[in-house]
>>> print(open('target_3.pdb').read())   # PDB, C-alpha atoms
MODEL        1
ATOM      1  CA  GLY Y   1       7.420  -0.701  13.714
ATOM      2  CA  ASP Y   2       6.872   1.224  10.540
ATOM      3  CA  SER Y   3       8.615   4.562  10.038
ATOM      4  CA  GLN Y   4       8.811   7.533   7.685
ATOM      5  CA  PRO Y   5      11.963   6.167   5.985
ATOM      6  CA  GLN Y   6      10.056   2.951   5.246
ATOM      7  CA  ALA Y   7       7.134   4.989   3.878
ATOM      8  CA  ASP Y   8       9.565   6.965   1.696
ATOM      9  CA  TRP Y   9      11.062   3.752   0.315
ATOM     10  CA  LEU Y  10       7.650   2.177  -0.296
ATOM     11  CA  ALA Y  11       6.225   5.258  -2.033
ATOM     12  CA  GLU Y  12       9.230   5.466  -4.367
ATOM     13  CA  LYS Y  13       9.044   1.735  -5.055
ATOM     14  CA  ILE Y  14       5.314   1.830  -5.844
ATOM     15  CA  ALA Y  15       5.640   4.898  -8.065
ATOM     16  CA  ASN Y  16       8.451   3.401 -10.134
ATOM     17  CA  LEU Y  17       8.024  -0.378 -10.030
ATOM     18  CA  ARG Y  18       7.477  -1.639 -13.574
ATOM     19  CA  VAL Y  19       4.506  -3.982 -13.198
ATOM     20  CA  PHE Y  20       2.272  -2.856 -16.078
ATOM     21  CA  GLU Y  21       2.574  -4.367 -19.542
ATOM     22  CA  ASP Y  22       4.054  -2.478 -22.466
ATOM     23  CA  ASP Y  23       2.970  -2.976 -26.095
ATOM     24  CA  ALA Y  24       5.015  -6.187 -26.251
ATOM     25  CA  GLY Y  25       3.208  -7.658 -23.223
ATOM     26  CA  LYS Y  26       6.262  -7.325 -20.989
ATOM     27  CA  MET Y  27       6.028  -5.890 -17.467
ATOM     28  CA  ASN Y  28       7.918  -2.747 -18.316
ATOM     29  CA  LEU Y  29       5.779   0.243 -17.290
ATOM     30  CA  SER Y  30       5.270   1.914 -13.924
ATOM     31  CA  ILE Y  31       2.046   3.313 -12.537
ATOM     32  CA  LEU Y  32       3.399   6.742 -13.494
ATOM     33  CA  ASP Y  33       4.042   5.573 -17.066
ATOM     34  CA  VAL Y  34       0.447   4.377 -17.468
ATOM     35  CA  LYS Y  35      -0.917   7.500 -15.750
ATOM     36  CA  GLY Y  36      -2.534   5.381 -13.054
ATOM     37  CA  SER Y  37      -3.639   6.293  -9.569
ATOM     38  CA  ALA Y  38      -3.348   4.772  -6.105
ATOM     39  CA  LEU Y  39      -5.856   3.854  -3.422
ATOM     40  CA  VAL Y  40      -4.304   4.008   0.056
ATOM     41  CA  VAL Y  41      -6.260   2.133   2.714
ATOM     42  CA  SER Y  42      -4.812   1.241   6.106
ATOM     43  CA  GLN Y  43      -5.275  -2.462   6.862
ATOM     44  CA  PHE Y  44      -3.924  -3.293  10.308
ATOM     45  CA  THR Y  45      -5.223  -6.861  10.021
ATOM     46  CA  LEU Y  46      -2.226  -7.646   7.796
ATOM     47  CA  PHE Y  47      -0.250  -7.717  11.049
ATOM     48  CA  ALA Y  48      -2.409 -10.496  12.494
ATOM     49  CA  ASP Y  49      -0.436 -13.218  14.232
ATOM     50  CA  ALA Y  50      -2.338 -16.501  14.269
ATOM     51  CA  GLN Y  51       0.509 -18.821  15.243
ATOM     52  CA  LYS Y  52      -0.868 -19.466  18.734
ATOM     53  CA  GLY Y  53      -4.388 -20.185  19.848
ATOM     54  CA  ARG Y  54      -7.544 -19.783  17.804
ATOM     55  CA  ARG Y  55      -7.872 -16.022  17.700
ATOM     56  CA  PRO Y  56      -5.542 -13.668  15.808
ATOM     57  CA  SER Y  57      -3.428 -11.228  17.789
ATOM     58  CA  PHE Y  58      -2.893  -7.690  16.523
ATOM     59  CA  ILE Y  59      -0.281  -6.738  19.114
ATOM     60  CA  ASN Y  60       2.292  -5.997  16.369
ATOM     61  CA  ALA Y  61       0.089  -3.406  14.651
ATOM     62  CA  ALA Y  62       0.975   0.225  15.363
ATOM     63  CA  PRO Y  63      -1.371   2.063  17.732
ATOM     64  CA  PRO Y  64      -3.781   4.444  15.960
ATOM     65  CA  GLU Y  65      -1.982   7.577  17.175
ATOM     66  CA  GLU Y  66       1.158   6.378  15.327
ATOM     67  CA  ALA Y  67      -0.460   4.661  12.365
ATOM     68  CA  GLU Y  68      -2.814   7.430  11.208
ATOM     69  CA  PRO Y  69      -0.140  10.133  10.719
ATOM     70  CA  LEU Y  70       2.111   7.596   8.988
ATOM     71  CA  ILE Y  71      -0.569   6.508   6.518
ATOM     72  CA  ARG Y  72      -1.276  10.181   5.710
ATOM     73  CA  TYR Y  73       2.466  10.787   5.261
ATOM     74  CA  PHE Y  74       2.689   7.791   2.913
ATOM     75  CA  ALA Y  75      -0.212   9.051   0.771
ATOM     76  CA  GLN Y  76       1.445  12.487   0.564
ATOM     77  CA  LYS Y  77       4.737  10.873  -0.512
ATOM     78  CA  LEU Y  78       2.941   9.061  -3.331
ATOM     79  CA  GLU Y  79       1.375  12.366  -4.388
ATOM     80  CA  SER Y  80       4.824  13.992  -4.390
ATOM     81  CA  PHE Y  81       5.718  11.708  -7.333
ATOM     82  CA  GLY Y  82       2.759  13.122  -9.258
ATOM     83  CA  LEU Y  83       0.566  10.122  -8.565
ATOM     84  CA  PRO Y  84      -3.148  10.813  -7.984
ATOM     85  CA  VAL Y  85      -4.112   9.275  -4.628
ATOM     86  CA  LYS Y  86      -7.432   8.469  -3.013
ATOM     87  CA  SER Y  87      -7.470   7.459   0.643
ATOM     88  CA  GLY Y  88      -9.780   5.416   2.786
ATOM     89  CA  VAL Y  89     -11.121   6.617   6.125
ATOM     90  CA  PHE Y  90      -8.788   5.609   8.934
ATOM     91  CA  ARG Y  91     -10.313   3.108  11.411
ATOM     92  CA  ALA Y  92     -13.535   2.911   9.417
ATOM     93  CA  GLU Y  93     -15.118  -0.236   8.108
ATOM     94  CA  MET Y  94     -15.146   0.062   4.331
ATOM     95  CA  LEU Y  95     -16.189  -2.037   1.389
ATOM     96  CA  VAL Y  96     -13.334  -1.855  -1.117
ATOM     97  CA  GLU Y  97     -13.811  -3.410  -4.539
ATOM     98  CA  ILE Y  98     -10.736  -4.267  -6.584
ATOM     99  CA  HIS Y  99     -10.131  -5.899  -9.931
ATOM    100  CA  ASN Y 100      -6.776  -7.628 -10.186
ATOM    101  CA  ASP Y 101      -5.298  -7.662 -13.678
ATOM    102  CA  GLY Y 102      -3.606 -11.027 -13.873
ATOM    103  CA  PRO Y 103      -2.328 -13.452 -11.282
ATOM    104  CA  VAL Y 104       0.354 -11.147  -9.890
ATOM    105  CA  THR Y 105       0.693 -10.202  -6.231
ATOM    106  CA  ILE Y 106       3.900  -8.571  -5.016
ATOM    107  CA  TRP Y 107       4.629  -8.111  -1.313
ATOM    108  CA  LEU Y 108       6.782  -5.009  -0.737
ATOM    109  CA  GLU Y 109       8.448  -4.630   2.636
ATOM    110  CA  LYS Y 110      11.585  -2.972   3.960
TER
ENDMDL
END
>>> encode(input="target_3.pdb", output="structure tokens")
Amino acid sequence: GDSQPQADWLAEKIANLRVFEDDAGKMNLSILDVKGSALVVSQFTLFADAQKGRRPSFINAAPPEEAEPLIRYFAQKLESFGLPVKSGVFRAEMLVEIHNDGPVTIWLEK
């Protein structure tokens, strides 16, 4: 399962990963460099396993009593880098609107 050391690694990676374009159009700036902010929303459905049957299984997702403190810890770690953070409501159904800037999706996992 997920752990605080993983959250530490992920927060540092997100804060410093150079994925924003500089003046030359090169991915060379971090979210801190561009004075961006983060939206932290727990999404347990990412752990869906649909290899068997016709209904996804969420057995690999952390139980709420473990997941909620960890997601709060992760948001606080991002803030510790000076990154403004907004958080979703844990276990709530939410409508989240995003605008992706370019065809870039990066999966970060440790």
>>> residues_around(input="target_3.pdb", residues="Glu12 of chain Y", least_positions_apart="4", cutoff="10 Å", atoms="only C-alpha atoms", output="number ranges by chain")
Y: 6-8, 16-17, 77-78, 80-81
>>> closest_residue(input="target_3.pdb", among="Y:Ala50, Y:Ile59, Y:Leu10, Y:Leu83", to="Ile31 of chain Y", atoms="all atoms listed in the file")
Y:Leu83
>>> residues_around(input="target_3.pdb", residues="Ala62 of chain Y", least_positions_apart="3", cutoff="9 Å", atoms="only C-alpha atoms", output="list of chain:residue names")
Y:Gly1, Y:Asp2, Y:Phe44, Y:Phe58, Y:Ile59, Y:Glu65, Y:Glu66, Y:Ala67
>>> resolve_selection(input="target_3.pdb", expression="the PyMOL selection byres ((chain Y and resi 45) around 12)", output="PDB file with C-alpha atoms, in the coordinates of the input")
ATOM      1  CA  VAL Y  41      -6.260   2.133   2.714  1.00  0.00           C
ATOM      2  CA  SER Y  42      -4.812   1.241   6.106  1.00  0.00           C
ATOM      3  CA  GLN Y  43      -5.275  -2.462   6.862  1.00  0.00           C
ATOM      4  CA  PHE Y  44      -3.924  -3.293  10.308  1.00  0.00           C
ATOM      5  CA  LEU Y  46      -2.226  -7.646   7.796  1.00  0.00           C
ATOM      6  CA  PHE Y  47      -0.250  -7.717  11.049  1.00  0.00           C
ATOM      7  CA  ALA Y  48      -2.409 -10.496  12.494  1.00  0.00           C
ATOM      8  CA  ASP Y  49      -0.436 -13.218  14.232  1.00  0.00           C
ATOM      9  CA  ALA Y  50      -2.338 -16.501  14.269  1.00  0.00           C
ATOM     10  CA  PRO Y  56      -5.542 -13.668  15.808  1.00  0.00           C
ATOM     11  CA  SER Y  57      -3.428 -11.228  17.789  1.00  0.00           C
ATOM     12  CA  PHE Y  58      -2.893  -7.690  16.523  1.00  0.00           C
ATOM     13  CA  ILE Y  59      -0.281  -6.738  19.114  1.00  0.00           C
ATOM     14  CA  ASN Y  60       2.292  -5.997  16.369  1.00  0.00           C
ATOM     15  CA  ALA Y  61       0.089  -3.406  14.651  1.00  0.00           C
ATOM     16  CA  ALA Y  62       0.975   0.225  15.363  1.00  0.00           C
ATOM     17  CA  ARG Y  91     -10.313   3.108  11.411  1.00  0.00           C
TER      18      ARG Y  91
END
>>> residues_around(input="target_3.pdb", residues="Asp101 of chain Y", least_positions_apart="6", cutoff="12 Å", atoms="only C-alpha atoms", output="PDB file with C-alpha atoms, in the coordinates of the input")
ATOM      1  CA  VAL Y  19       4.506  -3.982 -13.198  1.00  0.00           C
ATOM      2  CA  PHE Y  20       2.272  -2.856 -16.078  1.00  0.00           C
ATOM      3  CA  GLU Y  21       2.574  -4.367 -19.542  1.00  0.00           C
TER       4      GLU Y  21
END
>>> closest_residue(input="target_3.pdb", among="Y:Gly25, Y:Gly88, Y:Pro5, Y:Gly53", to="Glu109 of chain Y", atoms="only C-alpha atoms")
Y:Pro5
>>> resolve_selection(input="target_3.pdb", expression="the PyMOL selection byres ((chain Y and resi 108) around 10)", output="PyMOL selection string")
chain Y and resi 9-10+13-14+105-107+109-110
>>> residues_around(input="target_3.pdb", residues="Gln4 of chain Y", least_positions_apart="6", cutoff="8 Å", atoms="all atoms listed in the file", output="ChimeraX atom specification")
/Y:70,73-74
>>> write_last_selection(input="target_3.pdb", atoms="C-alpha atoms", output="mmCIF file, in the frame of the given file")
data_model
loop_
_atom_site.group_PDB
_atom_site.id
_atom_site.type_symbol
_atom_site.label_atom_id
_atom_site.label_comp_id
_atom_site.auth_asym_id
_atom_site.auth_seq_id
_atom_site.Cartn_x
_atom_site.Cartn_y
_atom_site.Cartn_z
ATOM 1 C CA LEU Y 70 2.111 7.596 8.988
ATOM 2 C CA TYR Y 73 2.466 10.787 5.261
ATOM 3 C CA PHE Y 74 2.689 7.791 2.913
#
>>> closest_residue(input="target_3.pdb", among="Y:Lys52, Y:Glu68, Y:Gly82, Y:Asp23", to="Gly36 of chain Y", atoms="only C-alpha atoms")
Y:Gly82
>>> axis_aligned_box(input="target_3.pdb", around="segment 100-106 of chain Y", padding_each_side="4 Å", output="JSON")
{"center_x": -1.4, "center_y": -10.5, "center_z": -9.4, "size_x": 18.7, "size_y": 13.8, "size_z": 16.9}
>>> atom_distance(input="target_3.pdb", atom1="atom CA of Ile71 of chain Y", atom2="atom CA of Val89 of chain Y")
10.6 Å
>>> atom_distance(input="target_3.pdb", atom1="atom CA of Ser37 of chain Y", atom2="atom CA of Val96 of chain Y")
15.2 Å
>>> atom_distance(input="target_3.pdb", atom1="atom CA of Val34 of chain Y", atom2="atom CA of Arg72 of chain Y")
24.0 Å
>>> resolve_selection(input="target_3.pdb", expression="the PyMOL selection byres ((chain Y and resi 38) around 7)", output="number ranges by chain")
Y: 37, 39-40, 84-86
>>> build_atoms(input="target_3.pdb", residues="segment 24-55 of chain Y", atoms="N, CA and C atoms", output="short mmCIF file (atom, residue, chain, number, x, y, z; two decimals), keeping the file's coordinate frame")
data_model
loop_
_atom_site.label_atom_id
_atom_site.label_comp_id
_atom_site.auth_asym_id
_atom_site.auth_seq_id
_atom_site.Cartn_x
_atom_site.Cartn_y
_atom_site.Cartn_z
N ALA Y 24 4.53 -4.84 -25.97
CA ALA Y 24 5.01 -6.19 -26.25
C ALA Y 24 4.52 -7.21 -25.22
N GLY Y 25 3.72 -6.76 -24.24
CA GLY Y 25 3.21 -7.66 -23.22
C GLY Y 25 4.17 -7.92 -22.08
N LYS Y 26 5.25 -7.16 -22.03
CA LYS Y 26 6.26 -7.32 -20.99
C LYS Y 26 6.00 -6.34 -19.85
N MET Y 27 6.15 -6.80 -18.61
CA MET Y 27 6.03 -5.89 -17.47
C MET Y 27 7.16 -4.89 -17.56
N ASN Y 28 6.86 -3.70 -18.04
CA ASN Y 28 7.92 -2.75 -18.32
C ASN Y 28 7.50 -1.31 -18.02
N LEU Y 29 6.28 -1.11 -17.53
CA LEU Y 29 5.78 0.24 -17.29
C LEU Y 29 5.38 0.42 -15.83
N SER Y 30 5.65 1.60 -15.31
CA SER Y 30 5.27 1.91 -13.92
C SER Y 30 3.87 2.51 -13.89
N ILE Y 31 3.35 2.67 -12.70
CA ILE Y 31 2.05 3.31 -12.54
C ILE Y 31 2.09 4.75 -13.05
N LEU Y 32 3.25 5.39 -12.94
CA LEU Y 32 3.40 6.74 -13.49
C LEU Y 32 3.37 6.71 -15.02
N ASP Y 33 4.02 5.70 -15.60
CA ASP Y 33 4.04 5.57 -17.07
C ASP Y 33 2.64 5.40 -17.65
N VAL Y 34 1.80 4.65 -16.95
CA VAL Y 34 0.45 4.38 -17.47
C VAL Y 34 -0.57 5.41 -16.98
N LYS Y 35 -0.07 6.43 -16.28
CA LYS Y 35 -0.92 7.50 -15.75
C LYS Y 35 -2.03 6.93 -14.87
N GLY Y 36 -1.61 6.01 -13.99
CA GLY Y 36 -2.53 5.38 -13.05
C GLY Y 36 -2.72 6.21 -11.80
N SER Y 37 -3.41 5.64 -10.85
CA SER Y 37 -3.64 6.29 -9.57
C SER Y 37 -3.55 5.24 -8.48
N ALA Y 38 -3.50 5.69 -7.24
CA ALA Y 38 -3.35 4.77 -6.10
C ALA Y 38 -4.50 4.95 -5.12
N LEU Y 39 -4.89 3.85 -4.51
CA LEU Y 39 -5.86 3.85 -3.42
C LEU Y 39 -5.11 3.42 -2.18
N VAL Y 40 -5.03 4.30 -1.17
CA VAL Y 40 -4.30 4.01 0.06
C VAL Y 40 -5.32 3.76 1.16
N VAL Y 41 -5.34 2.52 1.65
CA VAL Y 41 -6.26 2.13 2.71
C VAL Y 41 -5.45 1.41 3.78
N SER Y 42 -5.50 1.89 5.00
CA SER Y 42 -4.81 1.24 6.11
C SER Y 42 -5.50 -0.09 6.41
N GLN Y 43 -4.71 -1.15 6.57
CA GLN Y 43 -5.28 -2.46 6.86
C GLN Y 43 -4.43 -3.12 7.94
N PHE Y 44 -4.73 -2.78 9.20
CA PHE Y 44 -3.92 -3.29 10.31
C PHE Y 44 -4.02 -4.81 10.44
N THR Y 45 -5.07 -5.41 9.89
CA THR Y 45 -5.22 -6.86 10.02
C THR Y 45 -4.13 -7.64 9.30
N LEU Y 46 -3.36 -6.97 8.42
CA LEU Y 46 -2.23 -7.65 7.80
C LEU Y 46 -1.17 -8.04 8.82
N PHE Y 47 -1.21 -7.40 9.99
CA PHE Y 47 -0.25 -7.72 11.05
C PHE Y 47 -0.77 -8.79 12.00
N ALA Y 48 -1.85 -9.46 11.63
CA ALA Y 48 -2.41 -10.50 12.49
C ALA Y 48 -1.40 -11.63 12.68
N ASP Y 49 -1.27 -12.08 13.91
CA ASP Y 49 -0.44 -13.22 14.23
C ASP Y 49 -1.37 -14.33 14.71
N ALA Y 50 -1.44 -15.40 13.94
CA ALA Y 50 -2.34 -16.50 14.27
C ALA Y 50 -1.56 -17.78 14.57
N GLN Y 51 -0.31 -17.64 14.99
CA GLN Y 51 0.51 -18.82 15.24
C GLN Y 51 0.08 -19.57 16.50
N LYS Y 52 -0.45 -18.84 17.48
CA LYS Y 52 -0.87 -19.47 18.73
C LYS Y 52 -2.37 -19.30 18.91
N GLY Y 53 -2.97 -20.29 19.52
CA GLY Y 53 -4.39 -20.18 19.85
C GLY Y 53 -5.29 -20.20 18.63
N ARG Y 54 -6.52 -19.74 18.85
CA ARG Y 54 -7.54 -19.78 17.80
C ARG Y 54 -8.08 -18.41 17.46
N ARG Y 55 -7.45 -17.39 17.99
CA ARG Y 55 -7.87 -16.02 17.70
C ARG Y 55 -6.63 -15.23 17.30
#
